[in-house]
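Quick notes on the structure that follows.
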Amino acid sequence: MQPFTRRVIHIIQNIPEGYVMTYGQIAEAAGSPRGARQVVRILHSMSAVHKLPWHRVVNAKGMIALMDEESRFKQILYLSSEGVLADDEGRVDLEQYRYQPGEAMEWTDDEQH
């Protein structure tokens, strides 16, 4: 597994209940500010294996990005059960619900293994 992938998984696993992060925010925290699409790929391919709280990740506008109606509904339901409310368009208020890790994440060689 690539170091960036490990970092993304770690970050997503640590988003607390009741908060969200954006794909780009996760990519930047993992060391690749332009890696939002890679975060999407990682979520899509590894959520089940790593039991990632995939529902806590939204796009840069706070929108639920899933187009499949069932998955979209499931994400809104999961977020709602944690106290995160989405409007009728599927938008989450990032000012209220965005998770900001306390410190900038620094990755050492040990954390990459």
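Simple scheme: letters A, B, ... for chains in structure tokens order, numbers from 1 for residues in each chain, numbers from 1 for ligands in the order shown.
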
Inset, instruction - Determine which residues of region 1-95 of chain A receive a DSSP assignment of helix (DSSP H, G or I), computed from the backbone, and state them as a PyMOL selection string. - result: chain A and resi 3-13+23-29+36-50+54-56+69-81+94-95

Since we have the selection now, will you write its residues out, keeping C-alpha atoms, as a short mmCIF file (atom, residue, chain, number, x, y, z; two decimals), in the first residue's frame?
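Resulting contents of out.cif:
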data_model
loop_
_atom_site.label_atom_id
_atom_site.label_comp_id
_atom_site.auth_asym_id
_atom_site.auth_seq_id
_atom_site.Cartn_x
_atom_site.Cartn_y
_atom_site.Cartn_z
CA PRO A 3 2.11 5.93 1.87
CA PHE A 4 -0.54 8.40 0.61
CA THR A 5 -3.18 5.66 0.71
CA ARG A 6 -2.23 4.72 4.29
CA ARG A 7 -2.42 8.36 5.33
CA VAL A 8 -5.85 8.85 3.74
CA ILE A 9 -7.19 5.75 5.48
CA HIS A 10 -5.79 6.96 8.82
CA ILE A 11 -7.33 10.42 8.41
CA ILE A 12 -10.77 9.09 7.44
CA GLN A 13 -10.74 6.59 10.31
CA TYR A 23 -12.07 15.09 -0.24
CA GLY A 24 -9.61 17.93 -0.84
CA GLN A 25 -9.10 18.58 2.85
CA ILE A 26 -8.22 14.91 3.38
CA ALA A 27 -5.86 14.91 0.38
CA GLU A 28 -4.07 18.00 1.67
CA ALA A 29 -3.77 16.58 5.19
CA ALA A 36 -8.92 14.76 -4.02
CA ARG A 37 -9.72 12.31 -6.83
CA GLN A 38 -7.36 9.79 -5.29
CA VAL A 39 -9.28 10.14 -2.01
CA VAL A 40 -12.47 9.32 -3.94
CA ARG A 41 -10.80 6.22 -5.40
CA ILE A 42 -9.54 5.09 -1.99
CA LEU A 43 -12.96 5.55 -0.42
CA HIS A 44 -14.63 3.65 -3.23
CA SER A 45 -12.23 0.72 -3.21
CA MET A 46 -11.27 0.41 0.46
CA SER A 47 -14.18 1.56 2.64
CA ALA A 48 -15.50 -1.92 3.34
CA VAL A 49 -12.11 -3.56 3.92
CA HIS A 50 -10.94 -0.86 6.35
CA TRP A 54 -17.20 6.96 4.23
CA HIS A 55 -20.36 8.89 5.01
CA ARG A 56 -18.30 11.59 6.78
CA GLU A 69 -30.14 7.50 -4.98
CA GLU A 70 -29.85 4.64 -2.48
CA SER A 71 -26.25 5.48 -1.50
CA ARG A 72 -27.09 9.18 -1.29
CA PHE A 73 -30.03 8.45 1.01
CA LYS A 74 -27.86 6.15 3.15
CA GLN A 75 -25.18 8.85 3.54
CA ILE A 76 -27.74 11.47 4.56
CA LEU A 77 -29.31 8.99 7.00
CA TYR A 78 -25.95 8.04 8.56
CA LEU A 79 -24.92 11.69 8.93
CA SER A 80 -28.31 12.59 10.39
CA SER A 81 -27.98 9.82 12.99
CA LEU A 94 -19.20 23.12 6.48
CA GLU A 95 -18.93 26.07 8.86
#

Legend entry - Those of chain A in DSSP strand (DSSP E or B), formatted as an NGL selection string: :A and (20-22 or 57-58 or 63 or 86 or 91-92 or 98)

Legend entry - Given only C-alpha atoms as the counted atoms, nearest of A:Val84, A:Lys51, A:Gly35, A:Gln2 to Arg98 (chain A):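 The shortest atom-to-atom distance to Arg98 (chain A) comes from A:Val84.
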
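Restricting the calculation to only C-alpha atoms, the smallest distance between Asp93 (chain A) and any of A:Met1, A:Gly18, A:Ser32, A:Leu52 is found for A:Gly18.
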
Inset, instruction - State, in Å with one decimal place, the distance from CA of Met63 (chain A) to CA of Gly31 (chain A). - result: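 That distance, rounded to one decimal, is 23.2 Å.
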
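Put simply, CA of Lys61 (chain A) is 7.4 Å away from CA of Arg91 (chain A).
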
Legend entry - Proximity to Met67 (chain A) - best of A:Pro33, A:Pro101, A:Pro16, A:Gly90, only C-alpha atoms: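 So, comparing all the options, the nearest one is A:Gly90.
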
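Picture a line from CA of Ala86 (chain A) to CA of Val57 (chain A); it runs 12.7 Å.
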